[in-house]
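Peer 1: Below is the structure I would like to discuss, written out as structure tokens.
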Amino acid sequence: MARLKVLSALDSAKTQYYHFKAIIIAGMGLFTDAYDLFSITLIIKMLGRIYYSDHTDRIHQVKPVVASTLVAVALLGTAIGQIVFGRLGDLKGRRRVYGFALLLMVLGSLASGFSICTTRSCVLTSLGFFRFLLGLGIGGDYPLSSTIMSEFANKRTRGSFIAAVFSMQGFGILASATVTMVVCSIFRRASKPSSPHDAPAEADVAWRLILMIGSVPAAMTYYWRMMMPETARYTALVEQNVLQAAKDMEKVLDVSISQIAEENPLPPAPHAYPLFSWEFLRRHGRDLFACSSTWFLLDIVFYSQVLFQSEIYKRYLKDKEKVDIYEEAFHLARVQAIIAVCSTIPGYYFSVYFIDRVGRVKIQMMGFFFMALAFFAIGIPYYSYWTTENNDDNKGFMVLYGLAFFFANFGPNTTTFIVPAELFPARFRSTCHGISGAVGKVGAIIGSVGFLWASHKRKRKDILMQLE
């Protein structure tokens, strides 16, 4: 069967304005995803001081079971959203469900900030519910953004374009830290806490404002998402409407319809095999397992180290007993911003530059290898070397930690997002991407909740040893 002209034209198209516009439109979704998912670790510190205060000289924290629930519930929503919206993207079309996923993100961000009531149990329960709703929207954005970008891109620079979309995550992490620093600085000057143990009433507004600002980037791109045409690959290969695909492509790319319209279009034909049939598993089962398992292994480590950075580098921060609620959040956000600028964002853009030059598999293997080296160097001698008094200010720890972040993003964190969008046929593409990502988020839940409980258990053991 001869290759369709519209698909050949897409693969060979020159890089032009619409490609960059699509990167921004799709990328702002990933920006919002990262902002919302990674701001919660900063917010949890503030919630502990606001809602667990007993008006004594002790600094309280959110209980581990509550903190782990707030983290896990958003990741669970993300996993469900990836499966549901991924499948809908193949059944109903990418564009039709793309806007709905974005609306869920906007509503989830705004509602998380409003979180009904002011009592502890009511606020935390409603926050957990709205973060689940937010997770559904974030989950929907993953498979749809990657699939849409892969189907609009040309063959030569497809990897770089998808990596550029994903790189907006780095700026989302940086933005969450920056907004936290700005908001905390403004509120601290306005309310002027009397002591480190004082949690002003205005602090209850500050954390809500930080979360609600996360809805702004998503809301700004809604109109442009609705104006995007359906991808020509989906229209031609899944809906089998080649003429409409040519018309849609003519709207966005610099090409005449006469060059891409078929002279004798073939009538629609039934698809050869359905999803999860034996034939599907024979052709794509191994690839789906490979994408899912690598994403699972990555997210166990990646989300635990990102969401709970403060537990890892807390010895580089001021004693929480000597700083007020705004200063603690500010210092945490500052270190998070430094790591984002020095290692996270550069890692993404190394991937953008090298992905089509070196290849996906080589970059993924290299990233896993150097991540393993960095974590072995950190983890094996952690208590015998890195946390001893002689190395309390050792900069080597932060260098290794930064390198682990760099090679996560110049490695499997980026490639696991790209590969499923290229590996599977158009009629299964967003479904398989969603399944792979959902398995990854199960790993993220295991890693983040497991790390939180492990660090809390260690903290209790240290306290008991001091009492003895």
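Going by the structure tokens order, chains are called A, B, ..., each with residues numbered from 1, while ligands are numbered from 1 in the order shown.
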Ala22 in chain A: which residues within 12 Å, counting only C-alpha atoms, same-chain residues fewer than 2 positions away excluded, as a PyMOL selection string?
Peer 2: chain A and resi 15-20+24-29+145-153+161-162+164-165+221+224-225+227-229+231+252-253
Peer 1: DSSP on the backbone, alpha helix (DSSP H) only: what residues of range 277-459 of chain A does that give? Format it as JSON, numbers by chain.
Peer 2: {"A": [278, 279, 280, 281, 282, 283, 284, 285, 286, 287, 288, 289, 290, 291, 292, 293, 294, 295, 296, 297, 298, 299, 300, 301, 302, 303, 304, 305, 306, 307, 309, 310, 311, 312, 325, 326, 327, 328, 329, 330, 331, 332, 333, 334, 335, 336, 337, 338, 339, 345, 346, 347, 348, 349, 350, 351, 352, 353, 354, 355, 356, 357, 358, 360, 361, 362, 363, 364, 365, 366, 367, 368, 369, 370, 371, 372, 373, 374, 375, 376, 377, 378, 379, 395, 396, 397, 398, 399, 400, 401, 402, 403, 404, 405, 406, 407, 408, 409, 412, 413, 414, 415, 416, 417, 418, 419, 420, 421, 422, 423, 429, 430, 431, 432, 433, 434, 435, 436, 437, 438, 439, 440, 441, 442, 443, 444, 445, 446, 447, 448, 449, 450, 451, 452, 453, 454, 455, 456, 457, 458, 459]}
Peer 1: Do a neighbour search on range 348-352 of chain A at 8 Å with only C-alpha atoms, toss out local chain neighbours closer than 5 positions, and write the hits as a PDB file with C-alpha atoms, in the first residue's frame.
Peer 2:
```pdb
ATOM      1  CA  GLY A 159      12.278  13.864  19.386  1.00  0.00           C
ATOM      2  CA  SER A 160      13.539  17.386  20.024  1.00  0.00           C
ATOM      3  CA  PHE A 161      10.038  18.832  19.754  1.00  0.00           C
ATOM      4  CA  ALA A 163      11.501  16.861  24.566  1.00  0.00           C
ATOM      5  CA  ALA A 164      10.984  20.636  24.327  1.00  0.00           C
ATOM      6  CA  PHE A 166       8.434  18.043  28.331  1.00  0.00           C
ATOM      7  CA  SER A 167      11.196  20.474  29.313  1.00  0.00           C
ATOM      8  CA  GLY A 170      11.581  22.185  34.669  1.00  0.00           C
ATOM      9  CA  ILE A 363      20.322   8.442  26.335  1.00  0.00           C
ATOM     10  CA  PHE A 406      20.741  16.237  35.659  1.00  0.00           C
ATOM     11  CA  ASN A 409      16.312  14.635  32.891  1.00  0.00           C
ATOM     12  CA  PHE A 410      19.118  14.079  30.381  1.00  0.00           C
ATOM     13  CA  GLY A 411      18.008  10.486  30.475  1.00  0.00           C
ATOM     14  CA  THR A 414      12.583  12.595  29.218  1.00  0.00           C
TER      15      THR A 414
END
```
Peer 1: Output as CSV one row per residue of range 320-372 of chain A within 12 Å of range 283-304 of chain A: the closest atom pair and its distance in Å to one decimal place, counting only C-alpha atoms, sorted by chain and residue number ascending.
Peer 2:
```
residue,atom,partner,partner_atom,distance
A:Thr344,CA,A:Phe302,CA,11.4
A:Arg360,CA,A:Cys291,CA,12.0
A:Val361,CA,A:Cys291,CA,11.3
A:Gln364,CA,A:Thr294,CA,9.3
A:Met365,CA,A:Thr294,CA,10.3
A:Gly367,CA,A:Leu298,CA,10.2
A:Phe368,CA,A:Leu298,CA,8.2
A:Phe369,CA,A:Leu298,CA,11.8
A:Met371,CA,A:Val301,CA,9.5
A:Ala372,CA,A:Val301,CA,10.1
```
Peer 1: Quick one: write out the picked residues with C-alpha atoms as a JSON list (two decimals), in the first residue's frame?
Peer 2:
```json
[["chain", "number", "residue", "atom", "x", "y", "z"],
["A", 344, "THR", "CA", 17.04, 20.07, 36.35],
["A", 360, "ARG", "CA", 16.47, 7.53, 22.73],
["A", 361, "VAL", "CA", 17.81, 4.18, 23.90],
["A", 364, "GLN", "CA", 18.00, 6.36, 28.53],
["A", 365, "MET", "CA", 20.68, 3.78, 29.32],
["A", 367, "GLY", "CA", 20.85, 8.35, 32.29],
["A", 368, "PHE", "CA", 20.00, 5.27, 34.35],
["A", 369, "PHE", "CA", 23.69, 4.36, 34.64],
["A", 371, "MET", "CA", 21.81, 8.10, 38.21],
["A", 372, "ALA", "CA", 22.75, 4.75, 39.76]]
```
Peer 1: Could you pull the residues within 8 Å of range 97-109 of chain A, counting only C-alpha atoms, minus those fewer than 4 positions along the same chain, as a VMD selection string?
Peer 2: chain A and resid 29 36 85 88 to 89 92 to 93 113 130 to 138 140 to 141 144 211 to 216 218 to 219 222 225 to 226
